[in-house]
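**Q** Here it is, the structure in full.
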Amino acid sequence: MLNELASTLNGVLWSPILVYMAIGVGLFLSIGLKFPQFRLIKDMVSQLMKGSSSDNGVSSFQGFAMALGGRVGTGNIAGVASAIGVGGPGAVFWMWVIALVGAGSAFTESTLAQTYKGKVVGEYRGGPAYYIEKGLKCKPLAIVFALATILAMTITGPTVQANAISTAFKGLNYNISPVVVGVVVAALFLIVTIGGIKRIGTFASYVVPIMAGIYLLLAVVILIANAAQVPAMFALIFKSAFGLEPVFGAVFGYTIMQGVKRGIYSNEAGWGSGAHAAATAEVSHPAKQGLAQAFSVYIDTLLVCTATALMMLSTGMYNVVTDAGKAVYEGVPGVEAGPGYVQAAIDTLINGLGAPFITIAMFFFAFTTLLSFAIYADANIQYILGATSDKVKKYAYFAGCIVIALLAFTASFKDMTTAWNYADVGVGICCWLNFPVLLLMSKKSFKLLKDYEIQKKMGLDPVFIPEDVGFENCELWDEIVDEHYADLKAAKRAKISEEEELEIVS
């Protein structure tokens, strides 16, 4: 019953309209921002290493790592395999497209989350619910979004992550029971999350770069080993993306949809999840974390997702099957779309390496995503609780973590298709709510980036002073600036006075 309902809702939510909206909104924001994802790449990288954590927030890099931990998950392995298995190699091209334009959406939502963040039990919290209420001034919609995100992060989302870990362990052929896998994942999740956001941030800052780096390195080795296939592989991707490859003509109707859907699920650009991690960072200007988060979309899709796709395509280790169950290409007969494709690709390099490597990779990819879910869910639970006591809020955080752990445990027994249906419902609802909000609040993000760039041109380290750019409901920023960035504020005031004086003289 629930499985059928999830499948039906999935079909309704992920209509072509949502695909067009995701691309259209990302493109509109990118144009309005003058494509910072291309112009300001140097700033995007530099912001990762600047700043430090405080008693209230994590460092810019930790905020980036937490969001990247959320973005780099099962979607980067199982999701890419699923996209190719249903939509053919051309789906990879559309994943690239949604990443490039989605970076504009990621910048906007992350910058807005920083601008309108709040403080809960002494730590920063924020996200779409916060900027919808404070910036858009529509509390009913904010409540709806908060509830939708709680659903997506505690109920529907954990299914894919935990199921992918269980599926990967099955590939080892060690007869490890899904019960054991579920118990271990749930227990480790609680051990890390019980220490709060600071511990999650620290864990992510160490694990995420290492796991992504090793994965990318292996992909490069496989590409070198199959260098002769690379030109034809890229030709296949581009031809299939536009229905010009006859072999995959039967699945072309799913190519764009699968590329965009799996791209959005993986890089999280536009549906608001990464904005929650962005809000936890201690920075002097919202645009700084917006740029860092835009870069995380690149790492997720243009690097990690692409690495997965190229390993499979260069070795031919994938299947493409129509919705009627007819195979139009079989590189690994009998293997379901998922981690098995990547395992087979790695085995072409060193036979027997694929299963253990992908099992470890899937564990860390999925586990860090589950940790990010704890942050995202908590930000919205705290929003719903509002002015309740700190004690109640602390208990609510632990309760949310326990629910995610339980769902992660039970999801270990589900099949992959059911898990994806559940996850897509949660993501789809958030997308339908957040994309229109980003359009309505686009001028605010344009103004924030302009303020950042003006200060950079003045030779200043940008600092956000709400009254200088006409922003309301940002009272926390007055406190943040006075406590942590008073010197930057003084430097800005002095520079402005100096330039005004020079202007009068001239």
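So you can find residues: chains in the structure tokens are A, B, ... in the order shown, residues in each start at 1, and ligands are numbered from 1 in order.
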Using DSSP on the backbone coordinates, identify the residues of region 238-461 of chain A assigned to alpha helix (DSSP H); present them as an MDAnalysis selection string.

**A** chainID A and resid 238:241 252:267 273:279 286:297 306:315 339:347 354:385 390:411 416:440 442:457

**Q** Take the residues from that selection and put them in a file with C-alpha atoms, as a short mmCIF file (atom, residue, chain, number, x, y, z; two decimals), in the first residue's frame.

**A**
```
data_model
loop_
_atom_site.label_atom_id
_atom_site.label_comp_id
_atom_site.auth_asym_id
_atom_site.auth_seq_id
_atom_site.Cartn_x
_atom_site.Cartn_y
_atom_site.Cartn_z
CA PHE A 238 26.66 13.84 -26.12
CA LYS A 239 24.89 11.97 -28.91
CA SER A 240 22.65 10.09 -26.47
CA ALA A 241 21.78 13.31 -24.63
CA PHE A 252 15.48 8.82 -24.86
CA GLY A 253 12.15 9.85 -23.32
CA TYR A 254 13.74 9.24 -19.89
CA THR A 255 17.19 10.66 -20.59
CA ILE A 256 16.61 14.28 -19.55
CA MET A 257 14.30 13.35 -16.67
CA GLN A 258 16.74 10.85 -15.20
CA GLY A 259 19.71 13.17 -15.58
CA VAL A 260 17.96 16.09 -13.90
CA LYS A 261 16.25 14.00 -11.20
CA ARG A 262 19.36 12.10 -10.17
CA GLY A 263 21.47 15.25 -10.54
CA ILE A 264 19.21 17.19 -8.16
CA TYR A 265 19.05 14.31 -5.70
CA SER A 266 22.83 14.06 -5.67
CA ASN A 267 23.93 17.71 -5.64
CA SER A 273 18.83 20.84 2.01
CA GLY A 274 22.38 22.18 1.64
CA ALA A 275 21.18 25.58 2.85
CA HIS A 276 20.76 24.14 6.35
CA ALA A 277 24.46 23.25 6.55
CA ALA A 278 25.40 26.62 5.07
CA ALA A 279 23.56 28.42 7.88
CA PRO A 286 26.48 35.48 3.70
CA ALA A 287 27.84 35.43 0.15
CA LYS A 288 31.03 33.77 1.38
CA GLN A 289 29.21 30.59 2.35
CA GLY A 290 27.02 30.88 -0.74
CA LEU A 291 30.12 30.71 -2.93
CA ALA A 292 31.53 27.79 -0.94
CA GLN A 293 28.28 25.86 -1.30
CA ALA A 294 28.08 26.56 -5.03
CA PHE A 295 31.52 24.96 -5.33
CA SER A 296 30.31 21.89 -3.44
CA VAL A 297 27.79 21.30 -6.27
CA THR A 306 31.17 12.12 -13.39
CA ALA A 307 33.84 9.80 -12.00
CA THR A 308 31.19 7.13 -11.43
CA ALA A 309 29.72 7.56 -14.90
CA LEU A 310 33.07 7.49 -16.68
CA MET A 311 34.19 4.34 -14.86
CA MET A 312 31.07 2.52 -16.07
CA LEU A 313 30.97 3.94 -19.58
CA SER A 314 34.68 3.57 -20.35
CA THR A 315 34.60 -0.10 -19.36
CA PRO A 339 26.55 -0.21 -7.11
CA GLY A 340 26.99 -3.49 -8.99
CA TYR A 341 27.79 -1.58 -12.20
CA VAL A 342 30.65 0.30 -10.55
CA GLN A 343 31.92 -2.86 -8.85
CA ALA A 344 32.09 -4.54 -12.25
CA ALA A 345 33.92 -1.53 -13.73
CA ILE A 346 36.56 -1.61 -10.98
CA ASP A 347 36.98 -5.37 -11.39
CA GLY A 354 35.29 -3.80 -6.94
CA ALA A 355 33.12 -5.29 -4.20
CA PRO A 356 35.22 -4.32 -1.15
CA PHE A 357 36.08 -0.87 -2.56
CA ILE A 358 32.49 0.05 -3.41
CA THR A 359 31.27 -1.35 -0.10
CA ILE A 360 33.63 0.96 1.79
CA ALA A 361 32.86 3.90 -0.50
CA MET A 362 29.11 3.38 -0.24
CA PHE A 363 29.35 3.13 3.52
CA PHE A 364 31.15 6.46 3.94
CA PHE A 365 29.20 8.24 1.20
CA ALA A 366 25.85 7.15 2.62
CA PHE A 367 26.89 7.54 6.26
CA THR A 368 27.99 11.16 5.90
CA THR A 369 24.72 11.89 4.13
CA LEU A 370 22.80 10.43 7.07
CA LEU A 371 24.79 12.72 9.38
CA SER A 372 23.83 15.72 7.28
CA PHE A 373 20.19 14.64 7.48
CA ALA A 374 20.42 15.00 11.26
CA ILE A 375 21.43 18.66 10.84
CA TYR A 376 18.79 19.39 8.22
CA ALA A 377 16.01 17.74 10.20
CA ASP A 378 17.03 19.45 13.43
CA ALA A 379 17.02 22.93 11.87
CA ASN A 380 13.37 22.43 10.92
CA ILE A 381 12.35 20.70 14.13
CA GLN A 382 13.76 23.66 16.06
CA TYR A 383 11.93 26.04 13.75
CA ILE A 384 8.62 24.31 14.47
CA LEU A 385 9.31 24.33 18.22
CA ASP A 390 16.39 24.92 25.40
CA LYS A 391 15.86 21.67 27.30
CA VAL A 392 12.95 20.69 25.06
CA LYS A 393 14.98 21.62 21.96
CA LYS A 394 17.88 19.43 23.06
CA TYR A 395 15.55 16.49 23.61
CA ALA A 396 13.97 17.15 20.20
CA TYR A 397 17.39 16.94 18.54
CA PHE A 398 18.10 13.57 20.15
CA ALA A 399 14.60 12.33 19.28
CA GLY A 400 15.14 13.26 15.64
CA CYS A 401 18.45 11.40 15.58
CA ILE A 402 16.83 8.30 17.06
CA VAL A 403 14.07 8.35 14.42
CA ILE A 404 16.65 8.61 11.61
CA ALA A 405 18.64 5.74 13.17
CA LEU A 406 15.52 3.55 13.34
CA LEU A 407 14.57 4.34 9.74
CA ALA A 408 18.14 3.62 8.65
CA PHE A 409 17.89 0.24 10.37
CA THR A 410 14.55 -0.77 8.81
CA ALA A 411 15.57 0.53 5.36
CA MET A 416 16.40 -0.44 -4.07
CA THR A 417 13.39 0.60 -6.19
CA THR A 418 11.17 1.09 -3.14
CA ALA A 419 13.91 3.04 -1.36
CA TRP A 420 14.34 5.41 -4.32
CA ASN A 421 10.57 5.96 -4.57
CA TYR A 422 10.40 7.01 -0.92
CA ALA A 423 13.42 9.31 -1.24
CA ASP A 424 12.17 10.94 -4.45
CA VAL A 425 8.84 11.84 -2.84
CA GLY A 426 10.55 13.82 -0.08
CA VAL A 427 12.92 15.59 -2.48
CA GLY A 428 10.11 16.31 -4.94
CA ILE A 429 7.92 18.03 -2.34
CA CYS A 430 10.81 20.24 -1.20
CA CYS A 431 11.65 21.15 -4.80
CA TRP A 432 8.08 22.26 -5.55
CA LEU A 433 8.15 24.48 -2.47
CA ASN A 434 11.67 25.94 -2.67
CA PHE A 435 12.17 26.72 -6.36
CA PRO A 436 9.33 29.29 -6.50
CA VAL A 437 10.63 30.84 -3.25
CA LEU A 438 14.09 31.26 -4.79
CA LEU A 439 12.51 33.15 -7.69
CA LEU A 440 10.53 35.40 -5.36
CA SER A 442 16.07 36.37 -6.16
CA LYS A 443 16.57 40.15 -5.91
CA LYS A 444 17.80 39.74 -2.34
CA SER A 445 20.49 37.30 -3.44
CA PHE A 446 21.48 39.64 -6.29
CA LYS A 447 21.86 42.48 -3.79
CA LEU A 448 23.89 40.35 -1.38
CA LEU A 449 26.38 39.29 -4.05
CA LYS A 450 26.66 42.88 -5.29
CA ASP A 451 27.41 44.06 -1.75
CA TYR A 452 30.10 41.37 -1.44
CA GLU A 453 31.73 42.29 -4.75
CA ILE A 454 31.65 46.04 -4.09
CA GLN A 455 33.49 45.53 -0.82
CA LYS A 456 36.02 43.26 -2.53
CA LYS A 457 36.70 45.96 -5.13
#
```

**Q** Please return as a compact mmCIF listing (two decimals) with C-alpha atoms, in the first residue's frame: the residues of region 69-287 of chain A that backbone DSSP assigns to strand (DSSP E or B).

**A**
```txt
# COMPACT_ATOMS: atom_id res chain seq x y z
CA GLY A 118 18.82 32.15 13.89
CA LYS A 119 20.40 30.81 17.06
CA VAL A 120 19.14 27.71 18.84
CA GLU A 123 24.28 27.39 17.84
CA TYR A 124 23.36 28.75 14.42
CA ARG A 125 20.42 27.21 12.60
CA ALA A 281 28.92 28.34 9.40
```

**Q** So, with only C-alpha atoms as the atoms that count, which of A:Ile77, A:Val469, A:Met95, A:Ala162 lies closest to Pro178 (chain A)?

**A**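 Checking each candidate against Pro178 (chain A), we get A:Ala162 as the closest.
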
**Q** If you count only C-alpha atoms, which residues fall within 7 Å of region 128-141 of chain A, apart from same-chain ones fewer than 5 positions away, as a short mmCIF file (atom, residue, chain, number, x, y, z; two decimals) with C-alpha atoms, in the first residue's frame?

**A**
```cif
data_model
loop_
_atom_site.label_atom_id
_atom_site.label_comp_id
_atom_site.auth_asym_id
_atom_site.auth_seq_id
_atom_site.Cartn_x
_atom_site.Cartn_y
_atom_site.Cartn_z
CA LEU A 112 19.73 33.47 2.04
CA ALA A 113 20.06 30.80 4.75
CA TYR A 116 18.24 34.96 7.88
CA LYS A 117 19.72 32.34 10.22
CA ALA A 146 9.72 22.76 7.62
CA GLY A 272 16.99 23.62 0.20
CA MET A 441 13.62 36.16 -3.27
CA ASN A 473 14.75 40.79 10.19
#
```

**Q** Hey, can you check how far CA of Tyr318 (chain A) sits from CA of Gly334 (chain A)?

**A** 10.4 Å

**Q** Please provide the set of residues having any atom within 10 Å of Val251 (chain A), restricted to only C-alpha atoms, with same-chain residues fewer than 3 positions apart removed, written as a list in words.

**A**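 Everything that qualifies: Ile84, Gly85, Val86, Gly87, Gly88, Gly90, Ser240, Gly243, Val247, Phe248, Tyr254, Thr255, Val320, Val321, Thr322, Asp323 and Val328 of chain A.
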
**Q** Can you write just those residues out, N, CA and C atoms, as a compact mmCIF listing (two decimals), in the first residue's frame?

**A**
```txt
# COMPACT_ATOMS: atom_id res chain seq x y z
N ILE A 84 21.76 6.11 -15.67
CA ILE A 84 22.23 5.52 -16.92
C ILE A 84 21.42 4.28 -17.27
N GLY A 85 21.07 3.48 -16.25
CA GLY A 85 20.31 2.25 -16.49
C GLY A 85 18.94 2.50 -17.06
N VAL A 86 18.33 3.65 -16.74
CA VAL A 86 16.98 3.97 -17.22
C VAL A 86 17.02 4.94 -18.40
N GLY A 87 17.93 5.92 -18.34
CA GLY A 87 17.95 6.96 -19.37
C GLY A 87 19.09 6.87 -20.37
N GLY A 88 19.99 5.90 -20.18
CA GLY A 88 21.12 5.77 -21.10
C GLY A 88 22.26 6.72 -20.77
N GLY A 90 23.30 9.35 -22.11
CA GLY A 90 22.99 10.78 -22.27
C GLY A 90 22.54 11.44 -20.99
N SER A 240 23.80 10.66 -27.18
CA SER A 240 22.65 10.09 -26.47
C SER A 240 21.83 11.16 -25.76
N GLY A 243 19.30 12.27 -28.22
CA GLY A 243 18.58 11.24 -28.96
C GLY A 243 19.18 10.90 -30.30
N VAL A 247 21.06 3.24 -30.70
CA VAL A 247 21.00 2.13 -29.73
C VAL A 247 20.14 2.51 -28.53
N PHE A 248 20.21 3.78 -28.11
CA PHE A 248 19.50 4.20 -26.90
C PHE A 248 18.26 5.04 -27.19
N TYR A 254 13.39 9.19 -21.32
CA TYR A 254 13.74 9.24 -19.89
C TYR A 254 15.10 9.88 -19.65
N THR A 255 15.80 10.20 -20.73
CA THR A 255 17.19 10.66 -20.59
C THR A 255 17.29 11.96 -19.80
N VAL A 320 21.26 -0.90 -19.90
CA VAL A 320 20.20 0.08 -20.15
C VAL A 320 18.95 -0.70 -20.50
N VAL A 321 17.90 -0.48 -19.71
CA VAL A 321 16.67 -1.26 -19.85
C VAL A 321 15.47 -0.33 -20.01
N THR A 322 14.56 -0.64 -20.93
CA THR A 322 13.36 0.17 -21.13
C THR A 322 12.38 -0.06 -19.98
N ASP A 323 11.34 0.79 -19.90
CA ASP A 323 10.35 0.63 -18.84
C ASP A 323 9.56 -0.66 -18.99
N VAL A 328 18.28 -2.81 -23.87
CA VAL A 328 18.80 -2.27 -25.13
C VAL A 328 20.33 -2.32 -25.14
```
